[in-house]
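Student: Just one file: final19.cif, with mmCIF, C-alpha atoms (C1' of nucleotides).
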data_my_file
loop_
_atom_site.label_atom_id
_atom_site.label_comp_id
_atom_site.auth_asym_id
_atom_site.auth_seq_id
_atom_site.Cartn_x
_atom_site.Cartn_y
_atom_site.Cartn_z
CA MET A 1 81.13 85.98 133.67
CA TYR A 2 83.16 88.36 131.53
CA PRO A 3 82.73 91.46 133.71
CA LEU A 4 84.98 93.55 131.42
CA LEU A 5 82.86 92.71 128.39
CA ARG A 6 79.69 93.66 130.23
CA GLN A 7 81.24 96.92 131.33
CA ASN A 8 82.33 97.62 127.75
CA ILE A 9 78.78 97.14 126.47
CA GLU A 10 77.12 99.16 129.23
CA THR A 11 79.61 102.03 128.97
CA THR A 12 79.19 102.16 125.20
CA LEU A 13 75.38 102.04 125.38
CA GLY A 14 75.31 104.54 128.22
CA HIS A 15 73.05 102.37 130.38
CA SER A 16 73.06 98.99 132.07
CA ILE A 17 71.59 95.91 130.40
CA SER A 18 69.60 93.04 131.80
CA ASP A 19 71.26 89.79 132.86
CA ALA A 20 69.20 88.03 130.20
CA VAL A 21 70.50 90.20 127.37
CA PHE A 22 74.05 89.98 128.56
CA SER A 23 74.07 86.24 129.05
CA GLU A 24 72.56 85.78 125.62
CA PHE A 25 75.45 87.72 124.15
CA ALA A 26 78.01 86.07 126.42
CA ASP A 27 76.92 82.73 124.95
CA CYS A 28 77.94 84.04 121.53
CA VAL A 29 81.61 84.43 122.44
CA PHE A 30 84.17 81.97 123.67
CA PRO A 31 87.41 82.57 125.58
CA LYS A 32 90.83 81.64 124.28
CA THR A 33 94.37 82.38 125.41
CA PHE A 34 97.25 83.15 123.10
CA ASP A 35 101.02 83.27 123.50
CA LYS A 36 103.00 86.35 122.73
CA LYS A 37 103.60 86.92 118.99
CA THR A 38 100.67 84.78 117.90
CA ILE A 39 99.05 85.68 114.58
CA LEU A 40 95.30 86.05 115.11
CA ALA A 41 94.47 87.10 111.56
CA GLU A 42 96.61 87.16 108.48
CA GLU A 43 96.71 89.13 105.28
CA GLY A 44 95.22 87.07 102.44
CA LYS A 45 93.11 84.90 104.73
CA ILE A 46 89.55 85.49 105.83
CA CYS A 47 89.39 86.98 109.31
CA ARG A 48 86.65 84.97 111.00
CA TYR A 49 86.57 86.66 114.40
CA SER A 50 86.31 89.89 116.24
CA TYR A 51 88.52 89.75 119.32
CA PHE A 52 87.72 91.34 122.66
CA ILE A 53 90.75 91.59 124.92
CA GLU A 54 90.24 90.60 128.54
CA GLN A 55 93.96 90.61 129.31
CA GLY A 56 96.95 91.37 127.12
CA ALA A 57 97.76 93.48 124.09
CA CYS A 58 97.88 93.16 120.34
CA TYR A 59 97.99 95.22 117.16
CA SER A 60 96.93 95.14 113.55
CA TYR A 61 99.15 96.11 110.66
CA LEU A 62 99.34 96.31 106.89
CA ILE A 63 102.29 94.89 104.98
CA ASP A 64 103.35 97.01 102.00
CA GLN A 65 104.97 95.97 98.68
CA LYS A 66 108.42 96.24 100.26
CA GLY A 67 107.37 93.87 103.02
CA GLU A 68 107.31 96.60 105.65
CA LYS A 69 104.71 96.63 108.41
CA HIS A 70 102.50 99.62 109.11
CA ALA A 71 100.67 99.56 112.44
CA ILE A 72 96.99 100.46 112.11
CA GLN A 73 95.54 99.87 115.55
CA PHE A 74 96.68 98.94 119.02
CA ALA A 75 94.41 97.15 121.47
CA LEU A 76 94.68 96.56 125.22
CA GLU A 77 92.22 95.22 127.82
CA GLY A 78 88.68 96.32 127.01
CA TYR A 79 89.33 96.89 123.30
CA TRP A 80 87.89 95.11 120.27
CA ILE A 81 90.12 94.32 117.34
CA SER A 82 89.61 92.62 113.99
CA ASP A 83 90.21 92.98 110.27
CA LEU A 84 86.77 94.52 109.84
CA TYR A 85 87.04 94.63 106.06
CA SER A 86 87.46 90.88 105.96
CA PHE A 87 85.16 90.14 108.87
CA PHE A 88 82.21 92.05 107.39
CA SER A 89 82.72 91.14 103.73
CA ASP A 90 84.02 87.54 104.06
CA ARG A 91 86.81 88.42 101.65
CA LYS A 92 90.52 87.87 102.02
CA GLY A 93 91.99 90.02 104.75
CA ILE A 94 94.24 92.99 104.15
CA TYR A 95 95.66 93.30 107.66
CA THR A 96 97.54 91.05 110.02
CA ILE A 97 96.76 90.95 113.73
CA GLU A 98 99.37 89.81 116.22
CA THR A 99 99.60 89.60 120.00
CA LEU A 100 102.24 91.69 121.75
CA GLU A 101 101.86 89.88 125.06
CA PRO A 102 100.35 86.61 126.26
CA SER A 103 96.64 87.41 126.00
CA GLN A 104 93.20 86.28 127.07
CA MET A 105 90.63 87.02 124.39
CA LEU A 106 86.92 86.56 123.80
CA LEU A 107 86.22 85.47 120.25
CA LEU A 108 83.07 86.41 118.36
CA ASN A 109 82.51 84.81 114.97
CA LYS A 110 80.49 86.26 112.12
CA GLN A 111 77.50 83.93 112.52
CA ASN A 112 77.15 84.72 116.21
CA PHE A 113 77.72 88.41 115.56
CA GLN A 114 74.86 88.48 113.07
CA LYS A 115 72.67 86.26 115.18
CA ALA A 116 73.17 88.50 118.22
CA CYS A 117 72.44 91.61 116.15
CA GLU A 118 69.26 90.08 114.74
CA LEU A 119 67.92 88.65 117.97
CA CYS A 120 68.71 91.61 120.15
CA PRO A 121 68.34 95.23 119.02
CA GLU A 122 70.35 96.37 122.04
CA ILE A 123 73.36 94.42 120.78
CA ASP A 124 72.85 95.70 117.27
CA ARG A 125 72.83 99.21 118.72
CA PHE A 126 75.94 98.47 120.79
CA PHE A 127 77.83 97.57 117.64
CA ARG A 128 76.47 100.64 115.89
CA LEU A 129 77.87 102.82 118.68
CA LEU A 130 81.16 100.92 118.66
CA ALA A 131 81.49 101.47 114.91
CA GLN A 132 80.48 105.13 115.24
CA ASN A 133 83.10 105.77 117.91
CA ALA A 134 85.81 104.01 115.96
CA LEU A 135 84.82 105.89 112.81
CA VAL A 136 85.09 109.25 114.57
CA ALA A 137 88.52 108.29 115.92
CA PHE A 138 89.91 107.09 112.57
CA GLN A 139 88.59 110.15 110.77
CA TYR A 140 90.30 112.36 113.33
CA ARG A 141 93.55 110.42 113.07
CA LEU A 142 93.56 110.72 109.30
CA ALA A 143 92.86 114.46 109.56
CA LYS A 144 95.79 114.90 111.95
CA THR A 145 98.08 112.76 109.81
CA ASN A 146 97.39 115.06 106.86
CA SER A 147 97.65 118.33 108.79
CA GLU A 148 100.29 118.01 111.52
CA ASP A 149 103.97 117.09 111.59
CA ALA A 150 105.35 114.01 113.25
CA GLU A 151 106.30 115.79 116.48
CA SER A 152 102.77 117.11 117.13
CA ARG A 153 101.28 113.74 116.27
CA TYR A 154 103.56 112.02 118.75
CA MET A 155 102.77 114.50 121.52
CA GLU A 156 99.04 114.10 120.95
CA PHE A 157 99.44 110.33 120.86
CA SER A 158 101.29 110.14 124.17
CA ASN A 159 98.78 112.45 125.85
CA LEU A 160 95.78 110.61 124.43
CA HIS A 161 97.14 107.08 124.92
CA PRO A 162 99.59 107.04 127.84
CA LYS A 163 98.97 103.31 128.31
CA PHE A 164 99.90 102.53 124.72
CA ASN A 165 103.01 104.62 125.19
CA GLN A 166 104.06 102.50 128.17
CA ARG A 167 103.35 99.02 126.88
CA ILE A 168 104.02 99.23 123.17
CA PRO A 169 107.53 99.19 121.69
CA GLN A 170 108.72 102.46 120.21
CA TYR A 171 109.23 101.16 116.70
CA LEU A 172 105.56 100.18 116.54
CA ILE A 173 104.45 103.58 117.80
CA ALA A 174 106.59 105.14 115.08
CA SER A 175 104.88 102.95 112.52
CA TYR A 176 101.43 103.88 113.91
CA LEU A 177 102.35 107.55 113.51
CA GLY A 178 103.49 106.95 109.94
CA ILE A 179 107.21 107.54 110.52
CA LYS A 180 110.38 105.44 110.93
CA PRO A 181 111.74 104.39 114.34
CA GLN A 182 114.86 106.51 113.76
CA SER A 183 112.71 109.59 113.29
CA LEU A 184 110.71 108.94 116.44
CA SER A 185 113.93 108.47 118.36
CA ARG A 186 115.14 111.88 117.15
CA ILE A 187 111.79 113.51 117.95
CA ARG A 188 111.91 112.16 121.51
CA LYS A 189 115.45 113.41 121.90
CA GLU A 190 114.38 116.93 120.87
CA LEU A 191 111.37 116.75 123.18
CA VAL A 192 113.29 116.11 126.42
CA PRO A 193 114.54 119.73 126.90
CA LYS A 194 111.04 121.05 126.11
CA LYS A 195 109.63 119.00 128.96
CA MET B 1 59.34 110.38 97.80
CA TYR B 2 63.14 110.47 98.07
CA PRO B 3 63.87 107.47 95.82
CA LEU B 4 67.64 107.93 96.16
CA LEU B 5 67.39 107.77 99.94
CA ARG B 6 65.33 104.61 99.78
CA GLN B 7 67.79 103.05 97.39
CA ASN B 8 70.65 104.01 99.70
CA ILE B 9 68.99 102.29 102.66
CA GLU B 10 68.02 99.16 100.73
CA THR B 11 71.43 98.78 99.12
CA THR B 12 73.16 99.19 102.46
CA LEU B 13 70.86 96.74 104.24
CA GLY B 14 71.04 94.30 101.35
CA HIS B 15 67.27 93.90 101.12
CA SER B 16 64.20 96.02 100.43
CA ILE B 17 62.19 97.62 103.20
CA SER B 18 58.47 98.09 103.62
CA ASP B 19 56.73 101.31 102.59
CA ALA B 20 55.73 101.78 106.22
CA VAL B 21 59.31 101.66 107.50
CA PHE B 22 60.57 103.91 104.77
CA SER B 23 57.88 106.53 105.14
CA GLU B 24 58.43 106.57 108.89
CA PHE B 25 62.07 107.39 108.26
CA ALA B 26 61.29 109.79 105.42
CA ASP B 27 59.20 111.79 107.90
CA CYS B 28 62.35 112.24 109.99
CA VAL B 29 64.24 114.19 107.32
CA PHE B 30 63.41 117.41 105.51
CA PRO B 31 64.69 118.69 102.17
CA LYS B 32 66.66 121.89 101.74
CA THR B 33 68.55 123.44 98.87
CA PHE B 34 71.84 125.28 99.21
CA ASP B 35 73.82 127.60 96.97
CA LYS B 36 77.37 126.82 95.97
CA LYS B 37 79.96 127.60 98.68
CA THR B 38 77.46 127.45 101.51
CA ILE B 39 78.80 126.42 104.92
CA LEU B 40 76.66 123.57 106.27
CA ALA B 41 78.66 123.00 109.45
CA GLU B 42 81.45 125.03 110.94
CA GLU B 43 84.42 124.33 113.17
CA GLY B 44 83.65 125.46 116.72
CA LYS B 45 79.88 125.15 116.32
CA ILE B 46 77.72 122.15 117.05
CA CYS B 47 76.86 120.21 113.91
CA ARG B 48 73.15 119.52 114.28
CA TYR B 49 72.51 117.53 111.11
CA SER B 50 73.57 114.64 109.00
CA TYR B 51 73.18 115.54 105.36
CA PHE B 52 72.11 113.17 102.62
CA ILE B 53 72.83 114.50 99.14
CA GLU B 54 70.08 114.12 96.55
CA GLN B 55 71.80 116.40 94.07
CA GLY B 56 75.07 118.29 94.25
CA ALA B 57 78.43 117.94 95.94
CA CYS B 58 80.18 119.02 99.08
CA TYR B 59 83.18 118.26 101.27
CA SER B 60 84.35 118.40 104.85
CA TYR B 61 87.69 119.75 105.95
CA LEU B 62 89.82 120.53 108.98
CA ILE B 63 91.50 123.90 109.41
CA ASP B 64 94.98 123.69 110.94
CA GLN B 65 96.87 126.22 113.12
CA LYS B 66 98.20 127.95 110.01
CA GLY B 67 94.66 128.40 108.72
CA GLU B 68 95.11 125.83 105.98
CA LYS B 69 92.29 123.53 104.96
CA HIS B 70 92.66 119.75 104.83
CA ALA B 71 89.92 117.89 102.98
CA ILE B 72 88.61 114.87 104.90
CA GLN B 73 85.68 113.65 102.86
CA PHE B 74 83.95 114.34 99.57
CA ALA B 75 80.28 113.62 99.03
CA LEU B 76 78.17 113.44 95.88
CA GLU B 77 74.60 112.24 95.20
CA GLY B 78 73.75 109.29 97.42
CA TYR B 79 76.33 110.08 100.10
CA TRP B 80 75.86 111.05 103.74
CA ILE B 81 78.08 113.71 105.25
CA SER B 82 78.35 115.30 108.69
CA ASP B 83 80.79 116.23 111.42
CA LEU B 84 80.10 112.95 113.18
CA TYR B 85 82.22 113.83 116.19
CA SER B 86 80.03 116.85 116.85
CA PHE B 87 76.78 115.24 115.73
CA PHE B 88 77.13 112.24 118.04
CA SER B 89 78.65 114.01 121.05
CA ASP B 90 76.84 117.39 120.88
CA ARG B 91 80.20 119.10 121.32
CA LYS B 92 81.73 121.87 119.26
CA GLY B 93 82.62 120.68 115.78
CA ILE B 94 86.15 120.15 114.54
CA TYR B 95 85.39 120.12 110.81
CA THR B 96 83.77 122.50 108.37
CA ILE B 97 81.39 121.28 105.66
CA GLU B 98 80.86 123.30 102.52
CA THR B 99 78.96 122.80 99.27
CA LEU B 100 80.95 122.66 96.04
CA GLU B 101 77.89 123.04 93.83
CA PRO B 102 74.28 124.15 94.27
CA SER B 103 72.84 121.20 96.18
CA GLN B 104 69.64 119.51 97.24
CA MET B 105 70.03 117.85 100.61
CA LEU B 106 67.94 115.85 103.05
CA LEU B 107 68.60 116.94 106.63
CA LEU B 108 68.39 114.57 109.59
CA ASN B 109 68.72 116.07 113.04
CA LYS B 110 69.95 114.30 116.15
CA GLN B 111 66.53 113.92 117.79
CA ASN B 112 65.02 112.35 114.70
CA PHE B 113 68.11 110.19 114.19
CA GLN B 114 67.77 108.78 117.69
CA LYS B 115 64.02 108.49 117.48
CA ALA B 116 64.26 106.58 114.21
CA CYS B 117 66.93 104.27 115.66
CA GLU B 118 64.84 103.59 118.74
CA LEU B 119 61.53 103.05 117.00
CA CYS B 120 62.83 100.98 114.16
CA PRO B 121 65.57 98.34 114.53
CA GLU B 122 65.93 98.21 110.76
CA ILE B 123 66.98 101.87 110.71
CA ASP B 124 69.30 101.35 113.66
CA ARG B 125 70.89 98.51 111.70
CA PHE B 126 71.10 100.64 108.57
CA PHE B 127 73.16 103.20 110.47
CA ARG B 128 75.30 100.45 111.96
CA LEU B 129 76.12 99.22 108.46
CA LEU B 130 76.72 102.75 107.24
CA ALA B 131 79.16 103.36 110.11
CA GLN B 132 80.83 99.98 109.56
CA ASN B 133 81.39 100.68 105.87
CA ALA B 134 82.73 104.15 106.52
CA LEU B 135 84.99 102.79 109.27
CA VAL B 136 86.47 100.18 106.96
CA ALA B 137 87.08 102.85 104.31
CA PHE B 138 88.76 105.32 106.66
CA GLN B 139 90.93 102.62 108.19
CA TYR B 140 92.07 101.61 104.73
CA ARG B 141 92.75 105.21 103.72
CA LEU B 142 94.85 105.78 106.82
CA ALA B 143 96.78 102.58 106.16
CA LYS B 144 97.51 103.67 102.60
CA THR B 145 98.47 107.18 103.69
CA ASN B 146 101.06 105.68 106.02
CA SER B 147 102.39 103.09 103.59
CA GLU B 148 102.32 104.48 100.04
CA ASP B 149 103.73 107.53 98.32
CA ALA B 150 101.62 110.33 96.87
CA GLU B 151 101.72 108.98 93.32
CA SER B 152 100.28 105.57 94.28
CA ARG B 153 97.66 107.21 96.46
CA TYR B 154 96.56 109.43 93.60
CA MET B 155 96.34 106.54 91.15
CA GLU B 156 94.28 104.51 93.58
CA PHE B 157 92.07 107.51 94.26
CA SER B 158 91.32 108.16 90.60
CA ASN B 159 90.59 104.49 89.95
CA LEU B 160 88.41 104.16 93.03
CA HIS B 161 86.61 107.49 92.68
CA PRO B 162 86.49 108.52 89.02
CA LYS B 163 83.47 110.72 89.72
CA PHE B 164 85.27 112.65 92.42
CA ASN B 165 88.15 113.09 90.03
CA GLN B 166 85.85 114.67 87.45
CA ARG B 167 83.82 117.01 89.62
CA ILE B 168 86.21 118.08 92.36
CA PRO B 169 88.90 120.71 91.85
CA GLN B 170 92.45 119.43 91.83
CA TYR B 171 93.65 121.46 94.79
CA LEU B 172 91.03 119.78 96.97
CA ILE B 173 91.99 116.34 95.74
CA ALA B 174 95.59 117.18 96.62
CA SER B 175 94.48 118.18 100.08
CA TYR B 176 92.46 114.96 100.46
CA LEU B 177 95.57 112.99 99.55
CA GLY B 178 97.63 114.90 102.10
CA ILE B 179 99.81 116.82 99.62
CA LYS B 180 100.01 120.33 98.13
CA PRO B 181 98.38 121.27 94.80
CA GLN B 182 101.81 121.90 93.27
CA SER B 183 102.86 118.35 94.12
CA LEU B 184 99.72 116.84 92.60
CA SER B 185 100.25 118.89 89.46
CA ARG B 186 103.78 117.46 89.13
CA ILE B 187 102.56 113.92 89.80
CA ARG B 188 99.94 114.23 87.07
CA LYS B 189 102.56 115.56 84.68
CA GLU B 190 104.78 112.53 85.33
CA LEU B 191 101.80 110.21 84.94
CA VAL B 192 100.81 111.25 81.41
CA PRO B 193 103.62 109.34 79.59
CA LYS B 194 102.90 106.26 81.74
CA LYS B 195 99.32 106.25 80.51
"C1'" DC C 1 126.85 84.83 128.72
"C1'" DG C 2 125.90 84.79 123.83
"C1'" DG C 3 122.45 86.09 120.49
"C1'" DT C 4 118.69 88.64 118.94
"C1'" DC C 5 115.83 92.48 119.14
"C1'" DT C 6 115.37 97.41 120.08
"C1'" DC C 7 116.95 102.06 120.45
"C1'" DT C 8 120.23 105.67 119.33
"C1'" DT C 9 123.26 108.45 116.50
"C1'" DG C 10 125.58 110.19 112.24
"C1'" DA C 11 125.93 111.32 107.32
"C1'" DC C 12 123.66 111.56 103.15
"C1'" DG C 13 119.66 111.44 99.92
"C1'" DG C 14 115.01 112.21 98.18
"C1'" DA C 15 109.94 113.03 98.16
"C1'" DG C 16 107.32 116.68 98.92
"C1'" DT C 17 107.15 121.83 100.44
"C1'" DT C 18 107.83 126.65 99.94
"C1'" DC C 19 108.16 130.78 97.45
"C1'" DA C 20 107.40 133.05 93.33
"C1'" DA C 21 105.61 133.99 88.89
"C1'" DA C 22 103.18 133.14 84.81
"C1'" DG C 23 99.41 130.94 82.19
"C1'" DC C 24 94.87 129.31 82.07
"C1'" DT C 25 89.80 129.11 83.05
"C1'" DA C 26 85.36 130.35 84.44
"C1'" DG C 27 82.25 133.39 86.35
"C1'" DT C 28 80.58 138.40 86.49
"C1'" DG C 29 79.22 142.70 85.10
"C1'" DG C 30 79.21 146.34 81.80
"C1'" DC D 1 78.97 139.18 73.97
"C1'" DC D 2 83.17 140.63 75.31
"C1'" DA D 3 86.40 142.24 79.01
"C1'" DC D 4 87.86 141.81 83.39
"C1'" DT D 5 88.93 139.66 87.49
"C1'" DA D 6 89.55 136.06 90.79
"C1'" DG D 7 90.63 131.59 91.43
"C1'" DC D 8 92.91 127.44 89.75
"C1'" DT D 9 96.84 125.09 87.61
"C1'" DT D 10 101.44 124.80 86.05
"C1'" DT D 11 106.36 125.41 86.29
"C1'" DG D 12 110.96 126.51 88.24
"C1'" DA D 13 114.46 126.74 91.94
"C1'" DA D 14 115.78 126.33 96.63
"C1'" DC D 15 114.84 124.17 100.87
"C1'" DT D 16 113.32 120.88 104.74
"C1'" DC D 17 111.68 117.15 107.05
"C1'" DC D 18 111.89 112.64 107.16
"C1'" DG D 19 113.91 108.34 105.03
"C1'" DT D 20 117.88 105.43 104.09
"C1'" DC D 21 122.06 103.25 105.11
"C1'" DA D 22 125.23 102.03 108.49
"C1'" DA D 23 127.18 101.18 112.86
"C1'" DG D 24 127.24 100.86 117.64
"C1'" DA D 25 125.07 100.71 122.38
"C1'" DG D 26 121.81 98.85 125.26
"C1'" DA D 27 118.13 95.51 126.78
"C1'" DC D 28 116.05 91.25 127.08
"C1'" DC D 29 115.80 86.11 126.93
"C1'" DG D 30 117.07 81.52 126.66
#
Any chance you could put this one into structure tokens?
Tutor:
Amino acid sequence: MYPLLRQNIETTLGHSISDAVFSEFADCVFPKTFDKKTILAEEGKICRYSYFIEQGACYSYLIDQKGEKHAIQFALEGYWISDLYSFFSDRKGIYTIETLEPSQMLLLNKQNFQKACELCPEIDRFFRLLAQNALVAFQYRLAKTNSEDAESRYMEFSNLHPKFNQRIPQYLIASYLGIKPQSLSRIRKELVPKK
Amino acid sequence: MYPLLRQNIETTLGHSISDAVFSEFADCVFPKTFDKKTILAEEGKICRYSYFIEQGACYSYLIDQKGEKHAIQFALEGYWISDLYSFFSDRKGIYTIETLEPSQMLLLNKQNFQKACELCPEIDRFFRLLAQNALVAFQYRLAKTNSEDAESRYMEFSNLHPKFNQRIPQYLIASYLGIKPQSLSRIRKELVPKK
DNA sequence: CGGTCTCTTGACGGAGTTCAAAGCTAGTGG
DNA sequence: CCACTAGCTTTGAACTCCGTCAAGAGACCG
């Protein structure tokens, strides 16, 4: 049952876990499939789940005053995604989450998340490590956004996330990098001779 | 002993903790005072501590290829600060942390951090919540950096962090917002009539 | 094969940068 | 306690990277 989820937990913890612990947690999630372009969470509504992707791809984004979308996070197989602000605080969400492909997800709701954390310190620790890793990554991304130009950010992105680069449309990658699709197109054009 | 630290833990957890639990954790940290402009952690060196500020102020920054500093985080009384990438991974740090004022800190090293997390699930959870909150904040800051102009970001910053705005020099706030001090000066000039 | 979505390309515009200089402020030492 | 200096802030003018607007080419899907 859910081998990818188990692998995700064990890799994050740095050690294997007992069948008992895993099956207890596995009982907290339930599988669901979604079509392409399905909205999993929406700005202004409470985001009730954290999603673990078994198969597929999706992304979260913020919609600005002009109605433009700004990609925040991409997620493929083995990734967790959610509007954590909403999920943790039970307030109206600020991001929208949408599938990019038909996807198989495991859904974890708030009650089960808290129950699992309370009943099992190993799971609590797993989510601590998950949050720590994500925090380090976002801090680094913000630092790079404020210190490097769009070309360097794109090169680092495509080295760091070759799989995103293959499966995610270019205009969303541009948005993730904080630039317009036209600019990314021009950057890629300049980059060809350098490579 | 360390009332601000205890308050920080209890506020984050959302409930009070026993004297036994707190004193166990209090034994894991030790106090130290620093002069103004002291380097607490340096790019290229392993960051061995997380710092909790009892009194004072400091900030972390990244140094780019041109040698320019980019502020990542400010911290006043009641805040934790560290190069979490280095602290968690034991690899060479990517940020530098420096005091802005003479400061009283509580230092927590990696061994004690892990020991405390292992011995006491409540402390493990506390650090999960701390990481979750910081993650939500950094994600939001990145989203705003990619979707709003410098003027909006500055207004939100000064509403959200009036204390930072008072105690932190303007050129560092500019850097935190991802702009140059000259630009922030012009933005503030434009803002006066609006207010 | 028609329509929509995505990517590319060009010309122009604007938010923020760069360079430079002057004014202001706070800390230091005589 | 004042004078001096170094660091911070402000202002001006020219510049640059990326955004905007627009149009066309290509790709994908029903």
Student: Select residues of chain D: the criterion is any atom within 8 Å of an atom of chain B, counting only C-alpha atoms (C1' of nucleotides); output as a VMD selection string.
Tutor: chain D and resid 8 to 10
Student: How would the residues just picked look written out with C-alpha atoms (C1' of nucleotides) as an mmCIF file, in the frame of the given file?
Tutor:
data_model
loop_
_atom_site.group_PDB
_atom_site.id
_atom_site.type_symbol
_atom_site.label_atom_id
_atom_site.label_comp_id
_atom_site.auth_asym_id
_atom_site.auth_seq_id
_atom_site.Cartn_x
_atom_site.Cartn_y
_atom_site.Cartn_z
ATOM 1 C "C1'" DC D 8 92.910 127.440 89.750
ATOM 2 C "C1'" DT D 9 96.840 125.090 87.610
ATOM 3 C "C1'" DT D 10 101.440 124.800 86.050
#
Student: Up to 7 Å from chain A, what residues of chain B turn up? Count only C-alpha atoms and give them as a list in words.
Tutor: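 Listed by rising number, the hits are Leu62, Asp64, His70, Ile72, Leu84, Tyr85, Pro121, Asp124, Arg125, Phe127, Arg128, Ala131, Gln132, Ala134, Leu135, Val136, Phe138, Gln139, Leu142, Ala143, Asn146, Ser147 and Gly178 of chain B.
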Student: Considering only C-alpha atoms (C1' of nucleotides), return as a list in words whatever protein or nucleic-acid residues lie within 10 Å of B:Gln55, sequence-local ones (same chain, fewer than 4 positions apart) excluded.
Tutor: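 Listing them by chain and then by number gives Leu4, Thr33, Leu76, Glu77, Gly78, Tyr79, Glu101, Pro102, Ser103, Gln104, Met105 and Leu106 of chain B.
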Student: List the residues matched by the PyMOL selection byres ((chain C) within 9 of (chain A)) in the displayed structure as a list in words, ordered by chain and then by residue number.
Tutor: DT6, DC7, DT8 and DT9 of chain C
Student: Work out how far atom CA of B:Leu172 is from atom CA of B:Ala57, in Å to one decimal.
Tutor: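 Taking atom CA of B:Ala57 as the start and atom CA of B:Leu172 as the end point, the length is 12.8 Å.
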Student: To one decimal in Å, tell me the separation between atom CA of A:Tyr59 and atom CA of A:Pro162.
Tutor: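 Separation of atom CA of A:Tyr59 and atom CA of A:Pro162: 16.0 Å.
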Student: Around the point (114.8, 127.3, 99.2) in the file's coordinates, collect all residues with an atom within 8 Å, using only C-alpha atoms (C1' of nucleotides), and return them as a tab-separated table (two decimals) with C-alpha atoms (C1' of nucleotides), in the frame of the given file.
Tutor:
chain	number	residue	atom	x	y	z
C	18	DT	C1'	107.83	126.65	99.94
C	19	DC	C1'	108.16	130.78	97.45
D	13	DA	C1'	114.46	126.74	91.94
D	14	DA	C1'	115.78	126.33	96.63
D	15	DC	C1'	114.84	124.17	100.87
Student: Once the PyMOL selection byres ((chain A and resi 109) around 8) has been evaluated on this model, what residues remain selected, and can you format them as a PyMOL selection string?
Tutor: chain A and resi 29+48-50+107-108+110-113
Student: What does the distance from atom CA of A:His161 to atom CA of A:Cys58 come to in Å, to one decimal?
Tutor: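 Interatomic distance here is 14.7 Å.
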Student: Report as a PyMOL selection string the full result of the PyMOL selection byres ((chain D and resi 22) around 10) when it is applied to this structure.
Tutor: (chain C and resi 10-11) or (chain D and resi 20-21+23-24)
Student: Quick one: everything within 10 Å of D:DC4, counting only C-alpha atoms (C1' of nucleotides), minus sequence neighbours fewer than 2 positions away in the same chain. Send it as a list in words.
Tutor: DT28, DG29 and DG30 of chain C; DC2 and DA6 of chain D
Student: Please report, as AutoDock Vina command-line options, the centre and edge lengths in Å to one decimal of an axis-aligned box covering all listed atoms of stretch 153-160 of chain A with 3 Å per side.
Tutor:
--center_x 99.7 --center_y 112.3 --center_z 121.1 --size_x 13.8 --size_y 10.4 --size_z 15.6
